[in-house]
$ cat model_16.txt   # compact mmCIF, C-alpha atoms
# COMPACT_ATOMS: atom_id res chain seq x y z
CA MET A 1 53.02 79.53 138.37
CA ASP A 2 54.75 81.56 135.65
CA ALA A 3 56.67 80.34 132.60
CA ALA A 4 59.43 82.94 132.91
CA ASP A 5 59.94 82.09 136.57
CA LEU A 6 59.98 78.36 135.85
CA GLU A 7 62.52 78.86 133.07
CA SER A 8 64.77 81.05 135.21
CA ARG A 9 64.77 78.68 138.15
CA ALA A 10 65.28 75.57 136.03
CA ARG A 11 68.10 77.19 134.04
CA THR A 12 69.94 78.47 137.12
CA SER A 13 69.13 75.42 139.30
CA SER A 14 67.97 77.73 142.07
CA GLY A 15 64.70 77.93 143.97
CA PHE A 16 63.79 74.32 143.14
CA ILE A 17 64.47 71.01 144.82
CA PRO A 18 67.06 69.70 142.33
CA SER A 19 66.57 66.36 140.63
CA SER A 20 69.38 64.75 142.65
CA LEU A 21 67.55 65.53 145.90
CA VAL A 22 64.21 64.37 144.49
CA THR A 23 65.95 61.04 143.84
CA ARG A 24 67.22 61.08 147.42
CA LEU A 25 63.74 61.70 148.79
CA LEU A 26 62.44 58.70 146.88
CA GLU A 27 65.36 56.53 148.00
CA LEU A 28 64.40 57.31 151.59
CA GLY A 29 60.77 56.38 150.98
CA HIS A 30 59.28 59.89 150.84
CA GLU A 31 56.92 59.34 147.89
CA PRO A 32 54.02 61.27 149.53
CA GLU A 33 56.36 64.22 150.05
CA VAL A 34 57.41 64.21 146.40
CA ALA A 35 53.76 64.02 145.30
CA PHE A 36 52.88 66.93 147.60
CA ARG A 37 55.79 69.06 146.39
CA ALA A 38 54.86 68.31 142.77
CA ARG A 39 51.56 70.10 143.45
CA ASP A 40 53.42 72.86 145.27
CA GLY A 41 55.34 74.19 142.25
CA GLU A 42 58.44 72.00 142.50
CA TRP A 43 59.18 71.21 138.87
CA PHE A 44 61.66 68.37 139.37
CA CYS A 45 59.33 66.72 141.87
CA ALA A 46 56.54 66.97 139.31
CA LEU A 47 58.74 65.53 136.56
CA GLU A 48 59.85 62.57 138.66
CA TRP A 49 56.41 61.91 140.12
CA ALA A 50 54.86 61.92 136.65
CA ARG A 51 57.53 59.49 135.47
CA LEU A 52 56.82 57.13 138.36
CA LEU A 53 53.08 57.24 137.70
CA ALA A 54 53.70 56.50 134.03
CA GLU A 55 55.89 53.52 134.97
CA ARG A 56 52.86 52.25 136.89
CA GLN A 57 50.76 52.83 133.76
CA GLN A 58 48.79 55.61 135.47
CA TYR A 59 49.08 57.86 132.44
CA GLU A 60 46.19 60.25 132.96
CA PRO A 61 47.23 61.03 136.57
CA ALA A 62 50.79 61.53 135.30
CA LEU A 63 49.58 64.02 132.70
CA ASP A 64 47.55 65.79 135.38
CA VAL A 65 50.68 66.28 137.49
CA LEU A 66 52.31 68.20 134.64
CA ALA A 67 49.17 70.07 133.56
CA PRO A 68 49.62 73.21 135.73
CA TYR A 69 53.18 73.62 134.47
CA ALA A 70 52.21 73.12 130.84
CA ALA A 71 49.31 75.57 131.27
CA THR A 72 51.89 78.37 131.66
CA GLY A 73 53.05 77.77 128.09
CA TRP A 74 56.49 76.62 129.28
CA TRP A 75 58.01 74.37 126.64
CA PRO A 76 59.86 71.89 128.93
CA ALA A 77 56.55 71.02 130.60
CA ALA A 78 54.84 70.58 127.23
CA ARG A 79 57.71 68.40 126.05
CA ALA A 80 57.48 66.26 129.18
CA ARG A 81 53.77 65.73 128.55
CA ALA A 82 54.44 64.88 124.91
CA GLU A 83 57.01 62.27 125.95
CA LEU A 84 54.48 60.73 128.33
CA LEU A 85 51.87 60.61 125.58
CA GLU A 86 54.28 59.02 123.14
CA GLY A 87 55.31 56.44 125.73
CA TRP A 88 51.61 55.73 126.31
CA GLY A 89 51.13 55.02 122.62
CA ARG A 90 49.33 58.31 121.89
CA PRO A 91 51.71 59.94 119.38
CA GLU A 92 48.91 61.84 117.63
CA ARG A 93 48.11 63.65 120.88
CA ALA A 94 51.81 64.36 121.44
CA ILE A 95 52.13 65.82 117.94
CA ALA A 96 49.05 67.99 118.39
CA LEU A 97 50.39 69.25 121.72
CA CYS A 98 53.78 70.23 120.26
CA ARG A 99 52.68 71.72 116.94
CA PRO A 100 51.81 75.22 118.25
CA TYR A 101 55.18 75.47 119.98
CA ALA A 102 57.02 74.44 116.81
CA GLN A 103 55.36 77.25 114.89
CA ALA A 104 57.34 79.77 116.94
CA GLY A 105 60.56 78.49 115.33
CA ASP A 106 62.68 77.75 118.39
CA PRO A 107 65.46 75.35 117.25
CA LEU A 108 65.18 73.12 120.32
CA VAL A 109 61.44 72.75 119.80
CA LEU A 110 61.82 72.17 116.05
CA ASP A 111 64.41 69.46 116.66
CA PHE A 112 62.16 67.61 119.12
CA PHE A 113 59.00 68.04 117.05
CA ALA A 114 60.60 66.99 113.77
CA ARG A 115 62.07 63.85 115.29
CA LEU A 116 58.70 63.07 116.86
CA LEU A 117 57.04 63.38 113.46
CA ALA A 118 59.68 61.20 111.81
CA ARG A 119 59.24 58.46 114.41
CA HIS A 120 55.54 58.27 113.64
CA GLY A 121 55.27 58.14 109.88
CA GLN A 122 55.47 61.85 109.08
CA ALA A 123 59.14 62.12 108.08
CA LEU A 124 58.39 64.10 104.92
CA GLU A 125 56.67 66.81 106.92
CA ALA A 126 59.60 66.78 109.37
CA PHE A 127 62.07 67.18 106.50
CA ALA A 128 60.14 70.14 105.10
CA LEU A 129 59.94 71.70 108.55
CA LEU A 130 63.70 71.52 109.13
CA GLN A 131 64.91 72.41 105.66
CA PRO A 132 64.77 76.23 106.11
CA GLY A 133 67.08 75.90 109.11
CA ILE A 134 69.92 74.21 107.26
CA GLU A 135 72.29 77.14 107.81
CA GLY A 136 72.50 76.35 111.53
CA TRP A 137 74.55 73.34 112.61
CA PHE A 138 71.98 72.08 115.11
CA LEU A 139 68.98 71.91 112.78
CA ALA A 140 71.20 70.75 109.93
CA GLN A 141 72.12 67.71 112.03
CA ALA A 142 68.45 67.01 112.67
CA LEU A 143 67.69 67.43 108.96
CA VAL A 144 70.32 64.84 108.00
CA ASP A 145 68.97 62.41 110.60
CA VAL A 146 65.38 62.85 109.42
CA ALA A 147 66.39 62.60 105.76
CA GLU A 148 67.27 58.93 106.22
CA THR A 149 63.76 58.09 107.43
CA ALA A 150 62.19 60.33 104.80
CA GLY A 151 64.17 58.81 101.93
CA ARG A 152 65.63 62.23 101.10
CA ASP A 153 69.37 61.54 101.28
CA GLU A 154 70.09 62.86 97.79
CA GLN A 155 68.04 65.99 98.40
CA VAL A 156 69.81 66.81 101.67
CA ALA A 157 73.17 66.02 100.04
CA ALA A 158 72.43 68.55 97.30
CA LEU A 159 71.50 71.16 99.90
CA LEU A 160 74.76 70.58 101.80
CA GLU A 161 76.85 70.65 98.64
CA ALA A 162 75.30 74.01 97.79
CA ARG A 163 76.19 75.31 101.26
CA ILE A 164 79.80 74.13 100.83
CA GLU A 165 80.05 75.77 97.42
CA ALA A 166 78.74 79.02 98.92
CA ALA A 167 81.40 79.05 101.67
CA VAL A 168 83.80 81.99 101.71
CA PRO A 169 87.32 82.31 103.21
CA ALA A 170 87.26 82.86 106.94
CA CYS A 171 89.61 85.86 106.70
CA ASP A 172 91.29 88.18 104.20
CA ASP A 173 94.69 86.53 104.52
CA PRO A 174 95.45 84.91 101.12
CA ASP A 175 97.27 82.10 102.95
CA CYS A 176 94.23 81.29 105.05
CA HIS A 177 92.62 78.07 103.87
CA ARG A 178 89.80 78.00 106.40
CA LEU A 179 86.23 78.47 105.24
CA ARG A 180 83.29 80.22 106.84
CA LEU A 181 80.69 77.49 106.49
CA GLU A 182 76.99 77.68 107.23
CA PRO A 183 76.33 75.17 108.68
CA SER A 184 79.75 74.78 110.28
CA ASN A 185 79.43 70.97 110.23
CA ALA A 186 78.54 70.72 106.52
CA PHE A 187 81.48 68.46 105.61
CA ASP A 188 80.74 66.08 108.49
CA LEU A 189 77.04 65.92 107.67
CA LEU A 190 77.56 65.35 103.97
CA ALA A 191 80.07 62.62 104.83
CA THR A 192 77.41 61.01 107.03
CA VAL A 193 75.01 60.93 104.08
CA ARG A 194 77.62 59.53 101.71
CA GLU A 195 78.57 56.82 104.21
CA ARG A 196 74.90 55.86 104.51
CA GLN A 197 74.82 55.52 100.74
CA GLY A 198 77.90 53.28 100.77
CA ARG A 199 80.07 55.93 99.08
CA ILE A 200 82.88 55.57 101.61
CA ASP A 201 85.70 57.08 99.53
CA GLU A 202 83.65 60.24 99.02
CA ALA A 203 82.92 60.42 102.74
CA ILE A 204 86.64 60.11 103.53
CA ALA A 205 87.54 62.82 101.02
CA LEU A 206 84.97 65.16 102.56
CA LEU A 207 86.25 64.64 106.08
CA ARG A 208 89.80 65.39 104.95
CA ARG A 209 88.60 68.89 104.01
CA ARG A 210 87.42 69.86 107.52
CA ASP A 211 89.00 72.67 109.49
CA VAL A 212 88.12 71.21 112.90
CA THR A 213 89.08 67.54 113.09
CA SER A 214 88.54 66.64 116.75
CA VAL A 215 85.30 67.30 118.65
CA ASN A 216 84.94 66.15 122.27
CA GLY A 217 87.93 63.87 121.86
CA ARG A 218 86.54 62.09 118.80
CA ASP A 219 87.71 62.37 115.21
CA ALA A 220 85.02 61.62 112.63
CA LEU A 221 87.51 60.57 109.94
CA ALA A 222 89.32 58.19 112.27
CA ASP A 223 86.04 56.69 113.47
CA LEU A 224 84.89 56.26 109.85
CA LEU A 225 88.10 54.44 108.90
CA ALA A 226 87.72 52.23 111.97
CA ARG A 227 84.09 51.37 111.19
CA HIS A 228 85.08 50.17 107.74
CA ASP A 229 88.16 48.27 108.90
CA ARG A 230 90.54 50.45 106.90
CA ILE A 231 93.21 49.92 109.52
CA GLU A 232 96.30 50.78 107.50
CA GLU A 233 94.80 54.10 106.43
CA LEU A 234 93.89 54.72 110.05
CA ARG A 235 97.48 53.97 111.14
CA VAL A 236 98.79 56.54 108.69
CA TYR A 237 96.26 59.11 109.81
CA ALA A 238 96.96 58.45 113.51
CA SER A 239 100.64 59.12 112.92
CA THR A 240 99.89 62.63 111.69
CA GLU A 241 96.80 63.70 113.71
CA PRO A 242 98.24 65.82 116.56
CA ARG A 243 95.53 65.62 119.24
CA GLY A 244 95.51 61.88 119.81
CA ALA A 245 91.89 61.39 118.73
CA ALA A 246 92.88 59.21 115.76
CA ALA A 247 95.24 57.23 117.98
CA ARG A 248 92.29 56.65 120.29
CA SER A 249 90.17 55.25 117.44
CA LEU A 250 92.99 52.98 116.30
CA SER A 251 93.66 51.71 119.82
CA GLU A 252 89.97 51.04 120.41
CA VAL A 253 89.55 49.00 117.25
CA LEU A 254 92.67 46.96 117.98
CA GLU A 255 91.43 46.28 121.51
CA GLU A 256 88.06 45.16 120.12
CA GLN A 257 89.91 42.77 117.81
CA GLY A 258 91.77 41.28 120.78
CA ASP A 259 95.13 42.89 120.00
CA VAL A 260 95.66 44.42 123.45
CA GLU A 261 99.43 44.81 123.04
CA GLY A 262 98.87 46.59 119.74
CA ALA A 263 96.33 48.90 121.34
CA ILE A 264 98.78 49.76 124.14
CA SER A 265 101.58 50.30 121.63
CA VAL A 266 99.51 52.87 119.73
CA TYR A 267 99.22 55.06 122.81
CA ARG A 268 102.83 54.55 123.88
CA THR A 269 104.08 55.49 120.43
CA PHE A 270 101.94 58.62 120.41
CA ALA A 271 103.09 59.50 123.95
CA GLU A 272 106.72 59.49 122.80
CA GLU A 273 105.96 62.43 120.53
CA SER A 274 106.44 65.94 121.94
CA ASP A 275 103.92 66.40 124.78
CA GLY A 276 101.98 63.45 123.42
CA LEU A 277 101.57 61.90 126.86
CA TRP A 278 99.20 64.70 127.88
CA SER A 279 96.73 63.70 125.18
CA VAL A 280 96.63 59.95 125.78
CA ALA A 281 97.77 59.27 129.37
CA HIS A 282 94.26 58.96 130.78
CA LEU A 283 93.15 56.74 127.88
CA LEU A 284 96.24 54.55 128.16
CA SER A 285 95.88 54.16 131.92
CA GLN A 286 92.22 53.16 131.54
CA LEU A 287 93.16 50.60 128.89
CA LEU A 288 95.84 49.13 131.14
CA VAL A 289 93.44 48.91 134.10
CA ARG A 290 90.82 47.16 131.95
CA HIS A 291 93.34 44.43 131.30
CA GLY A 292 94.62 44.04 134.84
CA MET A 293 97.85 46.02 134.45
CA VAL A 294 97.30 48.37 137.38
CA ASP A 295 100.99 48.94 138.18
CA GLU A 296 101.62 50.00 134.58
CA ALA A 297 98.56 52.27 134.63
CA ILE A 298 99.72 54.03 137.78
CA ALA A 299 103.21 54.39 136.30
CA VAL A 300 101.73 56.18 133.28
CA MET A 301 99.91 58.70 135.46
CA LEU A 302 102.98 59.14 137.67
CA ALA A 303 105.08 59.88 134.61
CA LEU A 304 102.57 62.52 133.54
CA ALA A 305 102.34 64.03 137.02
CA ASP A 306 106.14 64.21 137.29
CA SER A 307 106.56 65.80 133.86
CA PRO A 308 107.09 69.59 133.64
CA TYR A 309 103.87 71.27 134.77
CA GLY A 310 102.28 67.82 134.92
CA ALA A 311 101.14 67.85 138.54
CA ASP A 312 97.94 69.77 137.92
CA GLU A 313 94.69 69.12 139.77
CA CYS A 314 93.13 66.85 137.14
CA VAL A 315 96.20 64.63 136.77
CA VAL A 316 96.88 64.28 140.50
CA ASP A 317 93.22 63.66 141.26
CA THR A 318 93.11 60.88 138.65
CA LEU A 319 96.25 59.36 140.14
CA CYS A 320 94.86 59.48 143.69
CA THR A 321 91.57 57.97 142.51
CA MET A 322 93.46 55.09 140.93
CA TYR A 323 95.34 54.49 144.18
CA ALA A 324 92.06 54.50 146.11
CA GLU A 325 90.19 52.24 143.69
CA HIS A 326 92.89 49.57 143.86
CA GLY A 327 93.38 49.41 147.61
CA ARG A 328 96.55 51.49 147.61
CA ALA A 329 95.39 54.58 149.47
CA HIS A 330 98.58 54.71 151.55
CA GLU A 331 100.67 55.07 148.37
CA GLY A 332 98.44 57.97 147.35
CA LEU A 333 99.18 59.72 150.64
CA VAL A 334 102.90 59.11 150.19
CA TYR A 335 102.71 60.72 146.74
CA LEU A 336 100.85 63.74 148.08
CA ASP A 337 103.43 64.12 150.85
CA ALA A 338 106.22 64.15 148.26
CA LEU A 339 104.35 66.63 146.09
CA LYS A 340 103.81 68.89 149.10
CA GLU A 341 107.51 68.75 149.91
CA ARG A 342 108.42 69.69 146.31
CA ARG A 343 106.17 72.71 146.66
CA GLY A 344 107.92 74.04 149.71
CA GLY A 345 105.62 72.47 152.29
CA LYS A 346 102.53 74.30 151.03
CA GLU A 347 99.37 72.48 149.96
CA GLU A 348 96.43 74.43 148.55
CA TRP A 349 92.96 73.11 149.31
CA ASP A 350 92.54 71.79 145.76
CA PHE A 351 95.31 69.28 146.47
CA PHE A 352 94.71 68.84 150.20
CA GLN A 353 91.12 67.68 149.62
CA MET A 354 92.49 64.76 147.61
CA ARG A 355 93.98 63.48 150.88
CA LEU A 356 90.67 63.17 152.62
CA PRO A 357 89.17 60.08 150.92
CA LEU A 358 92.60 58.42 151.02
CA MET A 359 92.82 59.03 154.77
CA VAL A 360 89.32 57.63 155.24
CA ASP A 361 90.32 54.51 153.30
CA CYS A 362 93.28 54.17 155.67
CA GLY A 363 90.98 54.35 158.70
CA LEU A 364 91.97 57.93 159.53
CA ARG A 365 88.61 59.70 159.29
CA GLY A 366 89.06 61.45 162.66
CA GLU A 367 92.49 62.76 161.66
CA ALA A 368 91.06 63.87 158.30
CA ILE A 369 88.38 65.92 160.06
CA GLU A 370 90.96 67.54 162.35
CA GLN A 371 93.31 68.36 159.50
CA ALA A 372 90.48 69.77 157.38
CA ARG A 373 89.44 72.09 160.21
CA ALA A 374 93.05 73.19 160.76
CA HIS A 375 93.87 73.85 157.11
CA PRO A 376 94.38 77.57 156.26
CA GLU A 377 91.40 77.35 153.89
CA GLY A 378 89.36 75.18 156.26
CA GLY A 379 86.91 77.97 157.04
CA THR A 380 85.91 78.62 153.41
CA TRP A 381 82.62 77.62 151.81
CA TYR A 382 84.30 75.15 149.46
CA ALA A 383 86.11 73.46 152.35
CA ALA A 384 82.78 73.22 154.18
CA TRP A 385 81.53 70.82 151.49
CA SER A 386 84.35 68.34 152.09
CA LEU A 387 84.30 68.72 155.86
CA SER A 388 80.54 68.15 156.01
CA ASP A 389 80.92 64.97 153.95
CA LEU A 390 83.56 63.69 156.36
CA LEU A 391 81.32 64.41 159.32
CA ALA A 392 78.27 62.85 157.65
CA GLY A 393 80.29 59.74 156.86
CA ALA A 394 81.05 59.46 160.56
CA GLY A 395 77.35 59.69 161.39
CA ARG A 396 77.74 63.24 162.73
CA LEU A 397 75.01 64.78 160.57
CA GLU A 398 74.09 67.57 162.97
CA GLU A 399 77.72 68.74 162.98
CA ALA A 400 77.78 68.56 159.19
CA VAL A 401 74.70 70.77 159.05
CA ALA A 402 76.27 73.26 161.49
CA VAL A 403 79.37 73.56 159.28
CA LEU A 404 77.30 74.22 156.16
CA GLU A 405 75.00 76.70 157.87
CA GLN A 406 77.99 79.02 158.21
CA HIS A 407 77.92 79.46 154.42
CA PRO A 408 74.21 79.30 153.51
CA ALA A 409 74.50 81.08 150.16
CA SER A 410 77.10 78.66 148.78
CA THR A 411 76.18 75.30 150.29
CA SER A 412 72.40 75.12 149.94
CA THR A 413 72.19 71.87 147.95
CA VAL A 414 74.64 69.98 150.17
CA LEU A 415 72.98 71.39 153.30
CA ALA A 416 69.55 70.40 152.03
CA ARG A 417 70.72 66.84 151.38
CA HIS A 418 71.92 66.46 154.97
CA LEU A 419 68.68 67.96 156.27
CA ILE A 420 66.71 65.46 154.18
CA ASP A 421 68.82 62.64 155.61
CA LEU A 422 67.86 63.93 159.07
CA GLY A 423 64.18 63.90 158.09
CA ARG A 424 63.98 67.72 158.22
CA ILE A 425 62.38 68.07 154.80
CA ASP A 426 60.59 71.38 155.43
CA ASP A 427 63.89 72.89 156.58
CA ALA A 428 65.59 71.56 153.44
CA VAL A 429 62.96 73.13 151.19
CA ARG A 430 63.30 76.47 153.01
CA VAL A 431 67.06 76.39 152.42
CA LEU A 432 66.60 75.68 148.72
CA ARG A 433 63.96 78.37 148.30
CA ARG A 434 66.00 81.02 150.10
CA PRO A 435 66.26 84.05 147.78
CA SER A 436 69.57 84.37 146.02
CA ALA A 437 71.73 87.39 146.61
CA ALA A 438 71.14 90.27 144.21
CA PRO A 439 73.49 90.12 141.22
CA ALA A 440 76.58 92.25 141.50
CA PRO A 441 76.61 95.50 139.52
CA ASP A 442 78.06 95.19 136.05
CA PRO A 443 81.71 96.25 136.42
CA TRP A 444 81.97 97.11 132.76
CA ASN A 445 79.03 99.48 132.45
CA ASP A 446 79.84 99.87 128.74
CA THR A 447 82.67 102.25 129.55
CA TYR A 448 86.40 102.09 128.81
CA SER A 449 88.75 101.76 131.74
CA ASN A 450 92.42 101.11 132.21
CA GLU A 451 91.74 99.79 135.72
CA PRO A 452 90.90 96.14 136.42
CA PRO A 453 88.79 94.51 135.13
CA PHE A 454 90.19 95.66 131.81
$ encode --input "model_16.txt" --output "structure tokens"
Amino acid sequence: MDAADLESRARTSSGFIPSSLVTRLLELGHEPEVAFRARDGEWFCALEWARLLAERQQYEPALDVLAPYAATGWWPAARARAELLEGWGRPERAIALCRPYAQAGDPLVLDFFARLLARHGQALEAFALLQPGIEGWFLAQALVDVAETAGRDEQVAALLEARIEAAVPACDDPDCHRLRLEPSNAFDLLATVRERQGRIDEAIALLRRRDVTSVNGRDALADLLARHDRIEELRVYASTEPRGAAARSLSEVLEEQGDVEGAISVYRTFAEESDGLWSVAHLLSQLLVRHGMVDEAIAVMLALADSPYGADECVVDTLCTMYAEHGRAHEGLVYLDALKERRGGKEEWDFFQMRLPLMVDCGLRGEAIEQARAHPEGGTWYAAWSLSDLLAGAGRLEEAVAVLEQHPASTSTVLARHLIDLGRIDDAVRVLRRPSAAPAPDPWNDTYSNEPPF
């Protein structure tokens, strides 16, 4: 067992039995197989087997399962052992185990180790450990979190203020108002500290100075206003924030207060703005479904799908899923037929595959299998996934396996799952451990070319 090999296989999800299939083995009652594979170098088997032993309060055997992996010096194995020790009530052993790894300075290790220290009465040491890394957004976030436990809010605030004062313009354009911040999330973090201290107006002022307002569909300023029931300010902000994240916060808080019509109105008003429906259609449809207004929810997604360039894969798939989830699979097929007609009678696999679960719901599994085989892309590796699922759902597992075996390099995980369901576990492991194809030569080769790829 080698740390570099473990890291490569875990990072690329190749050469191991993946965690989803370990779960499947356990669902089918193959605990002895998982235990055996854990000793045979299968990391995700070892991780799950150790977790199960710990649940049964067999902590030392659980640690022993992970010992060979940790002996390579591989951090994920050491972390897993530390988590077991902490769960066992042995935090001092967990800290001692992690300390040598933290000395190497890896941000992921420092984050875990510092939070471990803070949870067990050593927050001041954690704060000191993280402080030199304040220029990076990741460790800066950890530092702010640890500062609360350590009672160092003012100290971390001073550090962040100094970083903001040291920021320089992001470009030479005199009209550019963006700043090059280190850490990039300094305004957000300092606002977090000020909110903790009850200095809400200062936190709001800081968040108004950000360059990036929306992260993963959330707006920190909008969420702050919502948390402190500053609804009128949030309404004003939602009317000017262009991505719909502030509208989302306003709608959510109104829904929580029981004002469902008001929550719906927020999204509908935003949708009336130019292209605003794109930003909030999914959120609005989910809100309508939560309150039993399925027809209205489907109408929202239909309006988006029928808008210019609206019938993309994500939108149509969401619409078809809504039809299926509410017993209206036939209507989904009718919509796909109309879409196909609008596109000149052509239906790429990305859209055709949306038909398959709808056909199954309509009792047309056999026809779905025939149509999938006959589709122009029916012989591709990605079509093999869907076709094999149709066959497996009909109890035709051997046929599903035969379809996937035509594309062994691209279907290994799906193929292995079907083999496991057939009880052919050794065959499944051989498929998963099959060497990957050698990487293609680098087309760039550090040379200029006016031929593709440019």
$ atom_distance --input "model_16.txt" --atom1 "CA of Ala4 in chain A" --atom2 "CA of Ala102 in chain A"
18.4 Å
$ closest_residue --input "model_16.txt" --among "A:Glu296, A:Asp106, A:Asp223, A:Asp145" --to "Ala118 in chain A" --atoms "only C-alpha atoms"
A:Asp145
$ residues_around --input "model_16.txt" --residues "Trp75 in chain A" --least-positions-apart "5" --cutoff "8 Å" --atoms "only C-alpha atoms" --output "list in words"
Ala70, Tyr101 and Val109 of chain A
$ residues_around --input "model_16.txt" --residues "range 50-52 of chain A" --least-positions-apart "3" --cutoff "10 Å" --atoms "all atoms listed in the file" --output "PDB file with C-alpha atoms, in the coordinates of the input"
ATOM      1  CA  GLU A  31      56.920  59.340 147.890  1.00  0.00           C
ATOM      2  CA  ALA A  35      53.760  64.020 145.300  1.00  0.00           C
ATOM      3  CA  ALA A  38      54.860  68.310 142.770  1.00  0.00           C
ATOM      4  CA  PHE A  44      61.660  68.370 139.370  1.00  0.00           C
ATOM      5  CA  CYS A  45      59.330  66.720 141.870  1.00  0.00           C
ATOM      6  CA  ALA A  46      56.540  66.970 139.310  1.00  0.00           C
ATOM      7  CA  LEU A  47      58.740  65.530 136.560  1.00  0.00           C
ATOM      8  CA  GLU A  55      55.890  53.520 134.970  1.00  0.00           C
ATOM      9  CA  ARG A  56      52.860  52.250 136.890  1.00  0.00           C
ATOM     10  CA  GLN A  57      50.760  52.830 133.760  1.00  0.00           C
ATOM     11  CA  GLN A  58      48.790  55.610 135.470  1.00  0.00           C
ATOM     12  CA  TYR A  59      49.080  57.860 132.440  1.00  0.00           C
ATOM     13  CA  GLU A  60      46.190  60.250 132.960  1.00  0.00           C
ATOM     14  CA  PRO A  61      47.230  61.030 136.570  1.00  0.00           C
ATOM     15  CA  ALA A  62      50.790  61.530 135.300  1.00  0.00           C
ATOM     16  CA  LEU A  63      49.580  64.020 132.700  1.00  0.00           C
ATOM     17  CA  ASP A  64      47.550  65.790 135.380  1.00  0.00           C
ATOM     18  CA  VAL A  65      50.680  66.280 137.490  1.00  0.00           C
ATOM     19  CA  LEU A  66      52.310  68.200 134.640  1.00  0.00           C
ATOM     20  CA  ALA A  80      57.480  66.260 129.180  1.00  0.00           C
ATOM     21  CA  ARG A  81      53.770  65.730 128.550  1.00  0.00           C
ATOM     22  CA  GLU A  83      57.010  62.270 125.950  1.00  0.00           C
ATOM     23  CA  LEU A  84      54.480  60.730 128.330  1.00  0.00           C
TER      24      LEU A  84
END
$ residues_around --input "model_16.txt" --residues "range 402-409 of chain A" --least-positions-apart "6" --cutoff "10 Å" --atoms "all atoms listed in the file" --output "JSON, numbers by chain"
{"A": [379, 380, 381, 382, 383, 384, 385, 387, 388, 391, 415, 416, 418, 431, 432, 434, 435, 436, 437]}
$ residues_around --input "model_16.txt" --residues "His120 in chain A" --least-positions-apart "3" --cutoff "12 Å" --atoms "all atoms listed in the file" --output "count of residues only"
20
$ residues_around --input "model_16.txt" --residues "Ala157 in chain A" --least-positions-apart "2" --cutoff "10 Å" --atoms "only C-alpha atoms" --output "ChimeraX atom specification"
/A:144,147,152-155,159-163,186,189-194
$ atom_distance --input "model_16.txt" --atom1 "CA of Leu206 in chain A" --atom2 "CA of Cys176 in chain A"
18.8 Å
$ atom_distance --input "model_16.txt" --atom1 "CA of Ala305 in chain A" --atom2 "CA of Arg373 in chain A"
27.7 Å
$ residues_near_point --input "model_16.txt" --point "(89.6, 60.7, 148.3)" --cutoff "9 Å" --atoms "all atoms listed in the file" --output "CSV table (one decimal) with C-alpha atoms, in the frame of the given file"
chain,number,residue,atom,x,y,z
A,317,ASP,CA,93.2,63.7,141.3
A,320,CYS,CA,94.9,59.5,143.7
A,321,THR,CA,91.6,58.0,142.5
A,324,ALA,CA,92.1,54.5,146.1
A,329,ALA,CA,95.4,54.6,149.5
A,353,GLN,CA,91.1,67.7,149.6
A,354,MET,CA,92.5,64.8,147.6
A,355,ARG,CA,94.0,63.5,150.9
A,356,LEU,CA,90.7,63.2,152.6
A,357,PRO,CA,89.2,60.1,150.9
A,358,LEU,CA,92.6,58.4,151.0
A,359,MET,CA,92.8,59.0,154.8
A,360,VAL,CA,89.3,57.6,155.2
A,361,ASP,CA,90.3,54.5,153.3
$ closest_residue --input "model_16.txt" --among "A:Arg119, A:Asp111, A:His326, A:Glu241" --to "Gln141 in chain A" --atoms "only C-alpha atoms"
A:Asp111
